[in-house]
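A short write-up of the structure that comes next.
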There are 2 protein chains.
Amino acid sequence: MKTLENDRFLRALLREPVDVTPVWMMRQAGRYLPEYRATRARAGSFMDLCKSPQLACEVTLQPLERFPLDAAILFSDILTIPDAMGLGLHFAEGEGPRFEHPVRCAADIDKLGVPDPELELKYVMDAVRTIRRELHGRVPLIGFSGSPWTLATYMVEGGSSKEYAHVKGMLYDRPELMHALLDTLAQTVTAYLNAQIAAGAQAVMVFDTWGGILTPRDYREFSLRYMAQIVAGLTREADGRRVPVVLFTKGGGAWLEAMADTGCDALGVDWTLDLGDARRRVGDRVALQGNMDPAVLYASPERIRQEVAAILKSYGRGSGHVFNLGHGIHQHVDPQRAAAFIEAVHELSPSWHP
Amino acid sequence: MKTLENDRFLRALLREPVDVTPVWMMRQAGRYLPEYRATRARAGSFMDLCKSPQLACEVTLQPLERFPLDAAILFSDILTIPDAMGLGLHFAEGEGPRFEHPVRCAADIDKLGVPDPELELKYVMDAVRTIRRELHGRVPLIGFSGSPWTLATYMVEGGSSKEYAHVKGMLYDRPELMHALLDTLAQTVTAYLNAQIAAGAQAVMVFDTWGGILTPRDYREFSLRYMAQIVAGLTREADGRRVPVVLFTKGGGAWLEAMADTGCDALGVDWTLDLGDARRRVGDRVALQGNMDPAVLYASPERIRQEVAAILKSYGRGSGHVFNLGHGIHQHVDPQRAAAFIEAVHELSPSWHP
């Protein structure tokens, strides 16, 4: 494997000195880019795009052709796992994901096996291998998965939800079933991320999109516990380098200390907390990734630059910060605003490094 | 006016001793009740229901016929204000609220006047008077309004939103416009709530449904500041009793201390924080209202009772707690589960009061 030309991202996640604060954007390969929309149109369905290693590689690299990003992230979807488990995923146009066979009872859960990542999810591993090769060591490649709790919400509801009637009903009334499901998912995610690491992912991130809908007690019992199980089971070295693990619970700002205790390397932080406060709370235990409101990208380049400056100042001096948005980039953002954001991070951050 | 038969709710909001923890449910007059759905069908549109004082009174009282609730809340909608401002509110079936004339520029904002509550919003005041009369002093009547920031999100977006492109664009790029809009709204909400108090509301609540989508700094500048302006402008006494003011920012758990500093009497608390922690943080400055996850009502009566017991224990001994859900009751909840919830609060809480 070629040595990395730009390893700022990995160094910052491990709180090693960097010259410039590294930056990438959640959902950087996405609908705000016309070239993405073109590839997506060629692919057919959204899952056809995910399942083609060549096309997944193509869209993964698109934002890197435009912007001097410090990391690439595998183009895929968190629902590849329930799809591989046989739940019958499809995307109804304009309606979000739907599962033909939601998981509602003990029998449904008993039927679920742990998919072999190199069989049922081989297309993801092929995408990782293809992207890694095509990157030629320019920047590191991030692999990812949904958290067990987040995957469970989709699997039990049978799709997206507003009220989470089924999944919360199971959590409150049949916690033993919920734990059985989450344990199977934690095993699956561990194997899935380890396979991504073996295929070439140089860092991995767990997206706990729906951890924030839980009470503090239930968050620890039904979400964090299984993320900790995953962290403990991950391969933490590849190509002679440490593979950092990032946990991100959207709306989980109150629980950073507990998240840092899992043994992960870094935490994703949304924009509802001040990054400096977050840093004071976690101390030198973990790095932080975030946390600009994605809606700032609707503002002028000057205003974007101002916000970048404020966040850099809030984090303060030294390494341990990966700049990112606090959530995925919105589809209606002008790519030029994304360019202004990335440029501002690179131009303004050097003065915060020794 | 008749003396109140049951004033636990008002006493708890003022942290005065009570025998039993009072309980009510956000959206207690709503779609989970078959009798509500019947009245709604008779009324025509949702706004027709809001605009008929007789029918609004009817649905306000429906949950009180079923359950021994400790408060009634005016049946209305937070969007009555922008409707009265001439934005052309309509509800497309299954699509949520839409405004014909969203507020996007200085000229749009300049055109907005402060509606006279006894003219453009007289139907709301008539509903308050009717309900108050029909209640015969059984329990207190709560009046309410949306917060200026929350109303602004709908007015600028022209309806509900996921990404808040327009309103955040205005906030970040044209803060002076946003402040002009919020100031007009704060004046309007103050006049609206004072008119509700004059018409008979015995407590008032400000719903800041979307304060939680802001950064901590923007929350203080664009949401909390205007709620504080409202609190300072409210009539705080009626019929020789104090009229308590409750502020509720959904997802605002991180900002309780700052909210308590506004001079309000109580804070609504959602289920993402532990009520005991919240109490330790605000001390004896304000009462707390909340905070059971509305999804617990999908569980068995036994499980509901367990959760009620846990929340009572978390709050601990003494007054200053109004039991409620952390958000509105979901439409698919079985009313019998709501009954089990209310019964559990009344049966289990006396031992926490001296």
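FYI, nothing fancy with the structure tokens labels: chains A, B, ... in order, residues from 1 per chain, ligands from 1 as they appear.
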request  = Using only C-alpha atoms, select each residue of chain A with any atom at most 7 Å away from an atom of chain B, and give the selection as a ChimeraX atom specification.
outcome  = /A:165,168-169,172-173,213-216,271-274,295-296,298-300,303
Over every C-alpha pair, in sequence order, do a least-squares fit of chain B onto chain A and save the fitted chain as an mmCIF file with C-alpha atoms, in the first residue's frame.
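Result went into part_2.cif, see below:
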data_model
loop_
_atom_site.group_PDB
_atom_site.id
_atom_site.type_symbol
_atom_site.label_atom_id
_atom_site.label_comp_id
_atom_site.auth_asym_id
_atom_site.auth_seq_id
_atom_site.Cartn_x
_atom_site.Cartn_y
_atom_site.Cartn_z
ATOM 1 C CA MET B 1 -0.027 -0.025 -0.083
ATOM 2 C CA LYS B 2 1.138 3.471 -0.891
ATOM 3 C CA THR B 3 1.944 5.792 2.029
ATOM 4 C CA LEU B 4 -0.715 8.421 2.727
ATOM 5 C CA GLU B 5 0.040 11.805 1.192
ATOM 6 C CA ASN B 6 -2.294 13.563 3.624
ATOM 7 C CA ASP B 7 -2.825 11.946 7.020
ATOM 8 C CA ARG B 8 -4.059 14.999 8.949
ATOM 9 C CA PHE B 9 -7.428 13.417 9.427
ATOM 10 C CA LEU B 10 -6.021 10.283 11.092
ATOM 11 C CA ARG B 11 -3.564 12.296 13.155
ATOM 12 C CA ALA B 12 -6.239 14.669 14.445
ATOM 13 C CA LEU B 13 -8.489 11.745 15.427
ATOM 14 C CA LEU B 14 -5.599 10.434 17.536
ATOM 15 C CA ARG B 15 -4.842 13.903 18.896
ATOM 16 C CA GLU B 16 -1.407 13.948 17.268
ATOM 17 C CA PRO B 17 -0.036 17.314 16.084
ATOM 18 C CA VAL B 18 -1.239 18.622 12.715
ATOM 19 C CA ASP B 19 -0.425 21.708 10.634
ATOM 20 C CA VAL B 20 -3.999 22.422 9.627
ATOM 21 C CA THR B 21 -7.365 21.290 11.040
ATOM 22 C CA PRO B 22 -8.585 18.523 8.730
ATOM 23 C CA VAL B 23 -12.073 18.817 7.270
ATOM 24 C CA TRP B 24 -14.630 16.611 5.563
ATOM 25 C CA MET B 25 -18.430 16.746 5.341
ATOM 26 C CA MET B 26 -20.958 14.117 6.280
ATOM 27 C CA ARG B 27 -22.825 13.123 3.092
ATOM 28 C CA GLN B 28 -20.136 14.885 1.018
ATOM 29 C CA ALA B 29 -20.920 12.490 -1.834
ATOM 30 C CA GLY B 30 -24.533 13.414 -2.300
ATOM 31 C CA ARG B 31 -27.415 15.123 -3.994
ATOM 32 C CA TYR B 32 -26.089 18.696 -3.675
ATOM 33 C CA LEU B 33 -23.524 17.764 -6.387
ATOM 34 C CA PRO B 34 -24.807 17.761 -10.009
ATOM 35 C CA GLU B 35 -22.235 15.070 -10.901
ATOM 36 C CA TYR B 36 -23.696 12.867 -8.153
ATOM 37 C CA ARG B 37 -27.203 13.354 -9.506
ATOM 38 C CA ALA B 38 -25.941 12.393 -12.968
ATOM 39 C CA THR B 39 -24.350 9.141 -11.730
ATOM 40 C CA ARG B 40 -27.417 8.418 -9.624
ATOM 41 C CA ALA B 41 -29.627 8.797 -12.720
ATOM 42 C CA ARG B 42 -27.401 6.409 -14.671
ATOM 43 C CA ALA B 43 -27.398 3.849 -11.836
ATOM 44 C CA GLY B 44 -31.136 3.245 -11.687
ATOM 45 C CA SER B 45 -32.312 2.971 -8.088
ATOM 46 C CA PHE B 46 -30.484 4.272 -5.039
ATOM 47 C CA MET B 47 -29.664 0.706 -3.967
ATOM 48 C CA ASP B 48 -28.341 -0.063 -7.461
ATOM 49 C CA LEU B 49 -25.886 2.764 -6.903
ATOM 50 C CA CYS B 50 -24.897 1.371 -3.493
ATOM 51 C CA LYS B 51 -24.520 -2.130 -4.911
ATOM 52 C CA SER B 52 -22.216 -1.190 -7.805
ATOM 53 C CA PRO B 53 -18.623 -0.962 -6.514
ATOM 54 C CA GLN B 54 -17.620 1.020 -9.621
ATOM 55 C CA LEU B 55 -20.381 3.606 -9.278
ATOM 56 C CA ALA B 56 -20.020 3.783 -5.480
ATOM 57 C CA CYS B 57 -16.331 4.510 -6.054
ATOM 58 C CA GLU B 58 -17.172 7.134 -8.663
ATOM 59 C CA VAL B 59 -19.486 9.108 -6.359
ATOM 60 C CA THR B 60 -17.157 8.666 -3.368
ATOM 61 C CA LEU B 61 -14.398 10.428 -5.318
ATOM 62 C CA GLN B 62 -16.559 13.196 -6.847
ATOM 63 C CA PRO B 63 -16.347 15.643 -3.916
ATOM 64 C CA LEU B 64 -12.574 15.087 -3.747
ATOM 65 C CA GLU B 65 -12.230 16.257 -7.341
ATOM 66 C CA ARG B 66 -13.942 19.512 -6.434
ATOM 67 C CA PHE B 67 -12.687 20.256 -2.937
ATOM 68 C CA PRO B 68 -9.397 19.720 -1.055
ATOM 69 C CA LEU B 69 -11.081 17.453 1.511
ATOM 70 C CA ASP B 70 -8.915 15.649 4.058
ATOM 71 C CA ALA B 71 -10.850 12.371 3.978
ATOM 72 C CA ALA B 72 -13.039 10.272 1.721
ATOM 73 C CA ILE B 73 -16.007 8.346 3.071
ATOM 74 C CA LEU B 74 -17.325 5.163 1.535
ATOM 75 C CA PHE B 75 -20.530 5.821 -0.381
ATOM 76 C CA SER B 76 -23.101 3.424 0.983
ATOM 77 C CA ASP B 77 -26.197 3.333 3.174
ATOM 78 C CA ILE B 78 -26.693 2.263 6.780
ATOM 79 C CA LEU B 79 -29.540 -0.029 5.677
ATOM 80 C CA THR B 80 -27.257 -2.422 3.763
ATOM 81 C CA ILE B 81 -27.182 -4.533 6.954
ATOM 82 C CA PRO B 82 -30.931 -5.137 7.367
ATOM 83 C CA ASP B 83 -31.093 -5.622 3.586
ATOM 84 C CA ALA B 84 -28.459 -8.369 3.869
ATOM 85 C CA MET B 85 -30.462 -9.869 6.733
ATOM 86 C CA GLY B 86 -33.313 -10.458 4.293
ATOM 87 C CA LEU B 87 -35.773 -7.745 5.343
ATOM 88 C CA GLY B 88 -36.529 -6.782 1.747
ATOM 89 C CA LEU B 89 -35.371 -3.167 1.506
ATOM 90 C CA HIS B 90 -36.822 -0.897 -1.146
ATOM 91 C CA PHE B 91 -36.971 2.853 -1.583
ATOM 92 C CA ALA B 92 -40.363 4.161 -2.674
ATOM 93 C CA GLU B 93 -39.826 7.391 -4.644
ATOM 94 C CA GLY B 94 -39.924 10.376 -2.291
ATOM 95 C CA GLU B 95 -40.960 8.172 0.628
ATOM 96 C CA GLY B 96 -37.747 6.948 2.159
ATOM 97 C CA PRO B 97 -36.772 3.357 2.935
ATOM 98 C CA ARG B 98 -39.313 0.586 3.456
ATOM 99 C CA PHE B 99 -38.835 -3.008 4.603
ATOM 100 C CA GLU B 100 -41.144 -5.698 3.338
ATOM 101 C CA HIS B 101 -40.558 -7.826 6.453
ATOM 102 C CA PRO B 102 -40.298 -5.685 9.581
ATOM 103 C CA VAL B 103 -39.076 -7.317 12.790
ATOM 104 C CA ARG B 104 -41.869 -7.380 15.351
ATOM 105 C CA CYS B 105 -41.720 -10.574 17.441
ATOM 106 C CA ALA B 106 -39.409 -13.231 18.862
ATOM 107 C CA ALA B 107 -39.803 -15.433 15.784
ATOM 108 C CA ASP B 108 -38.744 -12.547 13.510
ATOM 109 C CA ILE B 109 -35.640 -11.985 15.623
ATOM 110 C CA ASP B 110 -34.770 -15.683 15.874
ATOM 111 C CA LYS B 111 -34.713 -15.880 12.105
ATOM 112 C CA LEU B 112 -32.043 -13.179 11.788
ATOM 113 C CA GLY B 113 -28.540 -14.439 11.189
ATOM 114 C CA VAL B 114 -25.284 -12.500 11.238
ATOM 115 C CA PRO B 115 -24.518 -11.912 7.539
ATOM 116 C CA ASP B 116 -21.036 -12.772 6.316
ATOM 117 C CA PRO B 117 -19.656 -9.422 5.130
ATOM 118 C CA GLU B 118 -17.628 -11.037 2.344
ATOM 119 C CA LEU B 119 -20.703 -12.868 1.060
ATOM 120 C CA GLU B 120 -23.982 -11.007 1.553
ATOM 121 C CA LEU B 121 -22.220 -7.644 1.783
ATOM 122 C CA LYS B 122 -19.391 -8.327 -0.607
ATOM 123 C CA TYR B 123 -20.431 -5.394 -2.811
ATOM 124 C CA VAL B 124 -19.588 -3.049 0.076
ATOM 125 C CA MET B 125 -16.156 -4.624 0.557
ATOM 126 C CA ASP B 126 -15.549 -4.474 -3.187
ATOM 127 C CA ALA B 127 -16.427 -0.783 -3.104
ATOM 128 C CA VAL B 128 -13.957 -0.224 -0.246
ATOM 129 C CA ARG B 129 -11.197 -2.033 -2.177
ATOM 130 C CA THR B 130 -11.967 -0.142 -5.382
ATOM 131 C CA ILE B 131 -12.067 3.262 -3.690
ATOM 132 C CA ARG B 132 -8.929 2.580 -1.717
ATOM 133 C CA ARG B 133 -7.107 1.681 -4.938
ATOM 134 C CA GLU B 134 -8.460 4.696 -6.833
ATOM 135 C CA LEU B 135 -7.565 7.070 -4.021
ATOM 136 C CA HIS B 136 -3.862 6.313 -4.571
ATOM 137 C CA GLY B 137 -3.142 7.323 -0.978
ATOM 138 C CA ARG B 138 -4.313 10.928 -1.409
ATOM 139 C CA VAL B 139 -6.401 10.927 1.770
ATOM 140 C CA PRO B 140 -7.669 8.251 4.179
ATOM 141 C CA LEU B 141 -10.864 6.328 3.526
ATOM 142 C CA ILE B 142 -13.572 6.217 6.215
ATOM 143 C CA GLY B 143 -15.782 3.141 6.577
ATOM 144 C CA PHE B 144 -19.037 3.291 8.499
ATOM 145 C CA SER B 145 -22.123 1.591 9.846
ATOM 146 C CA GLY B 146 -25.356 2.539 11.563
ATOM 147 C CA SER B 147 -25.469 1.816 15.298
ATOM 148 C CA PRO B 148 -27.430 -1.234 16.456
ATOM 149 C CA TRP B 149 -30.153 0.956 18.005
ATOM 150 C CA THR B 150 -30.483 3.076 14.882
ATOM 151 C CA LEU B 151 -30.691 0.008 12.638
ATOM 152 C CA ALA B 152 -33.242 -1.517 15.021
ATOM 153 C CA THR B 153 -35.532 1.524 14.704
ATOM 154 C CA TYR B 154 -35.779 1.010 10.931
ATOM 155 C CA MET B 155 -36.047 -2.766 11.183
ATOM 156 C CA VAL B 156 -38.838 -2.748 13.771
ATOM 157 C CA GLU B 157 -40.766 0.188 12.311
ATOM 158 C CA GLY B 158 -40.324 -1.147 8.777
ATOM 159 C CA GLY B 159 -38.932 2.191 7.609
ATOM 160 C CA SER B 160 -38.575 5.774 8.799
ATOM 161 C CA SER B 161 -40.808 6.882 11.636
ATOM 162 C CA LYS B 162 -41.951 9.943 13.508
ATOM 163 C CA GLU B 163 -43.396 8.377 16.619
ATOM 164 C CA TYR B 164 -41.463 5.087 16.909
ATOM 165 C CA ALA B 165 -44.544 3.285 18.184
ATOM 166 C CA HIS B 166 -43.335 -0.240 17.395
ATOM 167 C CA VAL B 167 -39.704 0.051 18.394
ATOM 168 C CA LYS B 168 -40.461 1.931 21.608
ATOM 169 C CA GLY B 169 -43.310 -0.460 22.351
ATOM 170 C CA MET B 170 -40.810 -3.336 22.094
ATOM 171 C CA LEU B 171 -38.199 -1.497 24.150
ATOM 172 C CA TYR B 172 -40.615 -0.721 26.964
ATOM 173 C CA ASP B 173 -42.683 -3.903 26.948
ATOM 174 C CA ARG B 174 -40.320 -6.597 25.658
ATOM 175 C CA PRO B 175 -36.818 -5.393 26.583
ATOM 176 C CA GLU B 176 -35.479 -8.972 26.345
ATOM 177 C CA LEU B 177 -36.504 -9.099 22.668
ATOM 178 C CA MET B 178 -34.943 -5.732 22.023
ATOM 179 C CA HIS B 179 -31.703 -6.885 23.642
ATOM 180 C CA ALA B 180 -31.670 -10.051 21.530
ATOM 181 C CA LEU B 181 -32.078 -7.950 18.381
ATOM 182 C CA LEU B 182 -29.446 -5.425 19.440
ATOM 183 C CA ASP B 183 -26.964 -8.137 20.329
ATOM 184 C CA THR B 184 -27.327 -9.723 16.885
ATOM 185 C CA LEU B 185 -26.900 -6.293 15.336
ATOM 186 C CA ALA B 186 -23.827 -5.499 17.427
ATOM 187 C CA GLN B 187 -22.204 -8.747 16.269
ATOM 188 C CA THR B 188 -23.134 -7.938 12.692
ATOM 189 C CA VAL B 189 -21.827 -4.369 12.820
ATOM 190 C CA THR B 190 -18.562 -5.548 14.398
ATOM 191 C CA ALA B 191 -18.000 -8.100 11.631
ATOM 192 C CA TYR B 192 -19.069 -5.577 8.980
ATOM 193 C CA LEU B 193 -16.691 -2.848 10.164
ATOM 194 C CA ASN B 194 -13.826 -5.314 10.643
ATOM 195 C CA ALA B 195 -14.345 -6.493 7.072
ATOM 196 C CA GLN B 196 -14.298 -2.865 5.879
ATOM 197 C CA ILE B 197 -11.031 -2.358 7.776
ATOM 198 C CA ALA B 198 -9.591 -5.534 6.237
ATOM 199 C CA ALA B 199 -10.692 -4.276 2.819
ATOM 200 C CA GLY B 200 -8.929 -0.955 3.329
ATOM 201 C CA ALA B 201 -10.953 1.442 5.511
ATOM 202 C CA GLN B 202 -8.472 3.518 7.536
ATOM 203 C CA ALA B 203 -10.947 4.860 10.095
ATOM 204 C CA VAL B 204 -14.514 3.837 10.939
ATOM 205 C CA MET B 205 -17.517 5.749 12.156
ATOM 206 C CA VAL B 206 -20.708 4.529 13.828
ATOM 207 C CA PHE B 207 -23.765 6.663 13.098
ATOM 208 C CA ASP B 208 -26.264 6.595 15.949
ATOM 209 C CA THR B 209 -28.801 8.791 14.219
ATOM 210 C CA TRP B 210 -31.651 7.936 16.590
ATOM 211 C CA GLY B 211 -29.906 7.542 19.966
ATOM 212 C CA GLY B 212 -31.154 11.033 20.802
ATOM 213 C CA ILE B 213 -34.799 9.926 20.983
ATOM 214 C CA LEU B 214 -34.095 7.838 24.092
ATOM 215 C CA THR B 215 -34.212 8.702 27.767
ATOM 216 C CA PRO B 216 -30.752 8.936 29.393
ATOM 217 C CA ARG B 217 -31.202 5.536 31.042
ATOM 218 C CA ASP B 218 -32.447 3.851 27.878
ATOM 219 C CA TYR B 219 -29.676 5.440 25.830
ATOM 220 C CA ARG B 220 -27.086 3.747 28.021
ATOM 221 C CA GLU B 221 -28.915 0.421 28.063
ATOM 222 C CA PHE B 222 -30.116 0.158 24.459
ATOM 223 C CA SER B 223 -27.723 2.241 22.386
ATOM 224 C CA LEU B 224 -24.415 3.051 24.064
ATOM 225 C CA ARG B 225 -23.903 -0.424 25.510
ATOM 226 C CA TYR B 226 -23.968 -1.983 22.037
ATOM 227 C CA MET B 227 -21.698 0.668 20.560
ATOM 228 C CA ALA B 228 -19.235 -0.122 23.367
ATOM 229 C CA GLN B 229 -19.508 -3.818 22.471
ATOM 230 C CA ILE B 230 -18.618 -2.930 18.879
ATOM 231 C CA VAL B 231 -15.671 -0.713 19.848
ATOM 232 C CA ALA B 232 -14.292 -3.559 21.988
ATOM 233 C CA GLY B 233 -14.544 -5.970 19.057
ATOM 234 C CA LEU B 234 -12.931 -3.885 16.338
ATOM 235 C CA THR B 235 -9.556 -4.390 14.706
ATOM 236 C CA ARG B 236 -7.711 -1.268 15.750
ATOM 237 C CA GLU B 237 -4.660 -1.552 13.527
ATOM 238 C CA ALA B 238 -4.125 -1.916 9.788
ATOM 239 C CA ASP B 239 -1.086 -1.270 7.543
ATOM 240 C CA GLY B 240 0.871 -0.652 10.754
ATOM 241 C CA ARG B 241 -1.326 2.306 11.735
ATOM 242 C CA ARG B 242 -4.039 2.671 14.336
ATOM 243 C CA VAL B 243 -7.563 2.629 12.875
ATOM 244 C CA PRO B 244 -9.509 5.310 14.771
ATOM 245 C CA VAL B 245 -13.156 4.754 15.715
ATOM 246 C CA VAL B 246 -15.614 7.655 15.817
ATOM 247 C CA LEU B 247 -19.016 7.449 17.553
ATOM 248 C CA PHE B 248 -21.716 9.938 16.660
ATOM 249 C CA THR B 249 -25.053 10.141 18.433
ATOM 250 C CA LYS B 250 -27.180 12.884 16.886
ATOM 251 C CA GLY B 251 -28.720 14.858 19.734
ATOM 252 C CA GLY B 252 -26.469 13.045 22.204
ATOM 253 C CA GLY B 253 -24.660 16.135 23.482
ATOM 254 C CA ALA B 254 -25.665 15.408 27.071
ATOM 255 C CA TRP B 255 -23.895 12.035 27.032
ATOM 256 C CA LEU B 256 -20.411 12.818 25.715
ATOM 257 C CA GLU B 257 -18.632 11.672 28.863
ATOM 258 C CA ALA B 258 -20.292 8.265 28.778
ATOM 259 C CA MET B 259 -19.571 7.956 25.058
ATOM 260 C CA ALA B 260 -15.898 8.757 25.632
ATOM 261 C CA ASP B 261 -15.790 5.935 28.195
ATOM 262 C CA THR B 262 -16.445 3.329 25.493
ATOM 263 C CA GLY B 263 -12.812 3.415 24.408
ATOM 264 C CA CYS B 264 -13.492 5.037 21.049
ATOM 265 C CA ASP B 265 -11.004 7.558 19.671
ATOM 266 C CA ALA B 266 -13.323 10.393 18.776
ATOM 267 C CA LEU B 267 -16.884 11.664 19.087
ATOM 268 C CA GLY B 268 -19.010 13.345 16.477
ATOM 269 C CA VAL B 269 -20.704 16.458 17.861
ATOM 270 C CA ASP B 270 -23.780 18.186 16.442
ATOM 271 C CA TRP B 271 -24.237 21.979 16.483
ATOM 272 C CA THR B 272 -26.476 22.140 19.547
ATOM 273 C CA LEU B 273 -23.485 22.356 21.818
ATOM 274 C CA ASP B 274 -20.527 24.633 22.038
ATOM 275 C CA LEU B 275 -17.411 22.779 20.865
ATOM 276 C CA GLY B 276 -15.238 24.364 23.557
ATOM 277 C CA ASP B 277 -17.635 23.143 26.252
ATOM 278 C CA ALA B 278 -17.584 19.685 24.686
ATOM 279 C CA ARG B 279 -13.767 19.706 24.728
ATOM 280 C CA ARG B 280 -13.660 20.740 28.404
ATOM 281 C CA ARG B 281 -16.040 17.903 29.222
ATOM 282 C CA VAL B 282 -14.168 15.105 27.472
ATOM 283 C CA GLY B 283 -10.692 16.447 28.248
ATOM 284 C CA ASP B 284 -7.928 14.553 26.504
ATOM 285 C CA ARG B 285 -9.794 11.271 26.337
ATOM 286 C CA VAL B 286 -11.120 11.622 22.787
ATOM 287 C CA ALA B 287 -10.902 13.851 19.742
ATOM 288 C CA LEU B 288 -13.998 15.737 18.524
ATOM 289 C CA GLN B 289 -15.470 15.906 15.055
ATOM 290 C CA GLY B 290 -17.911 18.664 14.129
ATOM 291 C CA ASN B 291 -19.839 20.837 14.578
ATOM 292 C CA MET B 292 -21.025 23.551 12.187
ATOM 293 C CA ASP B 293 -24.780 23.802 11.615
ATOM 294 C CA PRO B 294 -25.219 22.497 8.034
ATOM 295 C CA ALA B 295 -27.663 25.369 7.496
ATOM 296 C CA VAL B 296 -24.787 27.863 7.724
ATOM 297 C CA LEU B 297 -24.053 26.742 4.155
ATOM 298 C CA TYR B 298 -27.172 28.652 3.059
ATOM 299 C CA ALA B 299 -25.406 31.865 4.117
ATOM 300 C CA SER B 300 -22.864 34.010 2.266
ATOM 301 C CA PRO B 301 -19.198 32.925 2.014
ATOM 302 C CA GLU B 302 -18.287 35.737 4.443
ATOM 303 C CA ARG B 303 -20.786 34.507 7.001
ATOM 304 C CA ILE B 304 -19.589 30.915 6.543
ATOM 305 C CA ARG B 305 -16.012 32.069 7.156
ATOM 306 C CA GLN B 306 -17.115 33.889 10.315
ATOM 307 C CA GLU B 307 -18.776 30.748 11.635
ATOM 308 C CA VAL B 308 -15.702 28.632 10.864
ATOM 309 C CA ALA B 309 -13.562 31.158 12.758
ATOM 310 C CA ALA B 310 -15.934 31.032 15.751
ATOM 311 C CA ILE B 311 -15.838 27.235 15.902
ATOM 312 C CA LEU B 312 -12.035 27.105 15.588
ATOM 313 C CA LYS B 313 -11.780 29.629 18.402
ATOM 314 C CA SER B 314 -14.254 27.712 20.517
ATOM 315 C CA TYR B 315 -12.217 24.513 20.159
ATOM 316 C CA GLY B 316 -9.013 26.427 20.813
ATOM 317 C CA ARG B 317 -5.364 25.570 20.417
ATOM 318 C CA GLY B 318 -3.926 22.184 19.481
ATOM 319 C CA SER B 319 -4.912 18.981 17.766
ATOM 320 C CA GLY B 320 -7.879 16.702 18.380
ATOM 321 C CA HIS B 321 -10.424 18.495 16.183
ATOM 322 C CA VAL B 322 -11.697 17.261 12.827
ATOM 323 C CA PHE B 323 -13.833 19.974 11.287
ATOM 324 C CA ASN B 324 -17.166 18.786 9.924
ATOM 325 C CA LEU B 325 -20.802 19.759 9.773
ATOM 326 C CA GLY B 326 -22.971 18.702 12.688
ATOM 327 C CA HIS B 327 -25.078 16.601 10.310
ATOM 328 C CA GLY B 328 -25.112 15.700 6.606
ATOM 329 C CA ILE B 329 -24.860 18.475 4.008
ATOM 330 C CA HIS B 330 -28.341 19.458 2.757
ATOM 331 C CA GLN B 331 -29.290 18.631 -0.795
ATOM 332 C CA HIS B 332 -30.150 22.213 -1.794
ATOM 333 C CA VAL B 333 -26.810 23.734 -0.785
ATOM 334 C CA ASP B 334 -24.819 25.402 -3.556
ATOM 335 C CA PRO B 335 -21.506 23.496 -3.940
ATOM 336 C CA GLN B 336 -19.699 26.851 -4.011
ATOM 337 C CA ARG B 337 -20.727 27.392 -0.399
ATOM 338 C CA ALA B 338 -19.221 24.027 0.510
ATOM 339 C CA ALA B 339 -16.024 25.164 -1.233
ATOM 340 C CA ALA B 340 -16.012 28.380 0.828
ATOM 341 C CA PHE B 341 -16.447 26.334 4.004
ATOM 342 C CA ILE B 342 -13.535 23.980 3.284
ATOM 343 C CA GLU B 343 -11.289 26.825 2.179
ATOM 344 C CA ALA B 344 -12.051 28.762 5.359
ATOM 345 C CA VAL B 345 -11.094 25.793 7.550
ATOM 346 C CA HIS B 346 -7.780 25.383 5.760
ATOM 347 C CA GLU B 347 -6.980 29.091 5.717
ATOM 348 C CA LEU B 348 -8.014 29.994 9.235
ATOM 349 C CA SER B 349 -6.924 26.935 11.211
ATOM 350 C CA PRO B 350 -3.085 27.017 10.974
ATOM 351 C CA SER B 351 -2.859 29.747 13.600
ATOM 352 C CA TRP B 352 -4.478 27.357 16.115
ATOM 353 C CA HIS B 353 -1.736 24.809 15.657
ATOM 354 C CA PRO B 354 1.665 25.271 17.243
#
message = Please return, as a PyMOL selection string, all residues of segment 4-48 of chain A that DSSP assigns to alpha helix (DSSP H) on the basis of the backbone.
response = chain A and resi 8-13+34-43+46-48
Once you have the residues from the selection above, write them out as a compact mmCIF listing (two decimals), in the first residue's frame, restricted to C-alpha atoms.
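After the write, out_4.txt holds the following:
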# COMPACT_ATOMS: atom_id res chain seq x y z
CA ARG A 8 -4.06 14.99 8.93
CA PHE A 9 -7.44 13.40 9.42
CA LEU A 10 -6.03 10.27 11.08
CA ARG A 11 -3.57 12.29 13.15
CA ALA A 12 -6.25 14.66 14.44
CA LEU A 13 -8.50 11.74 15.43
CA PRO A 34 -24.78 17.76 -10.00
CA GLU A 35 -22.24 15.07 -10.90
CA TYR A 36 -23.69 12.86 -8.16
CA ARG A 37 -27.20 13.36 -9.52
CA ALA A 38 -25.94 12.38 -12.97
CA THR A 39 -24.35 9.15 -11.73
CA ARG A 40 -27.41 8.40 -9.64
CA ALA A 41 -29.62 8.79 -12.72
CA ARG A 42 -27.40 6.40 -14.67
CA ALA A 43 -27.41 3.84 -11.83
CA PHE A 46 -30.48 4.29 -5.04
CA MET A 47 -29.66 0.72 -3.96
CA ASP A 48 -28.34 -0.06 -7.46
key: strand (DSSP E) per DSSP on the backbone: members of segment 27-184 of chain A, as a VMD selection string   = chain A and resid 72 to 73 89 to 92 96 to 99 141 to 146
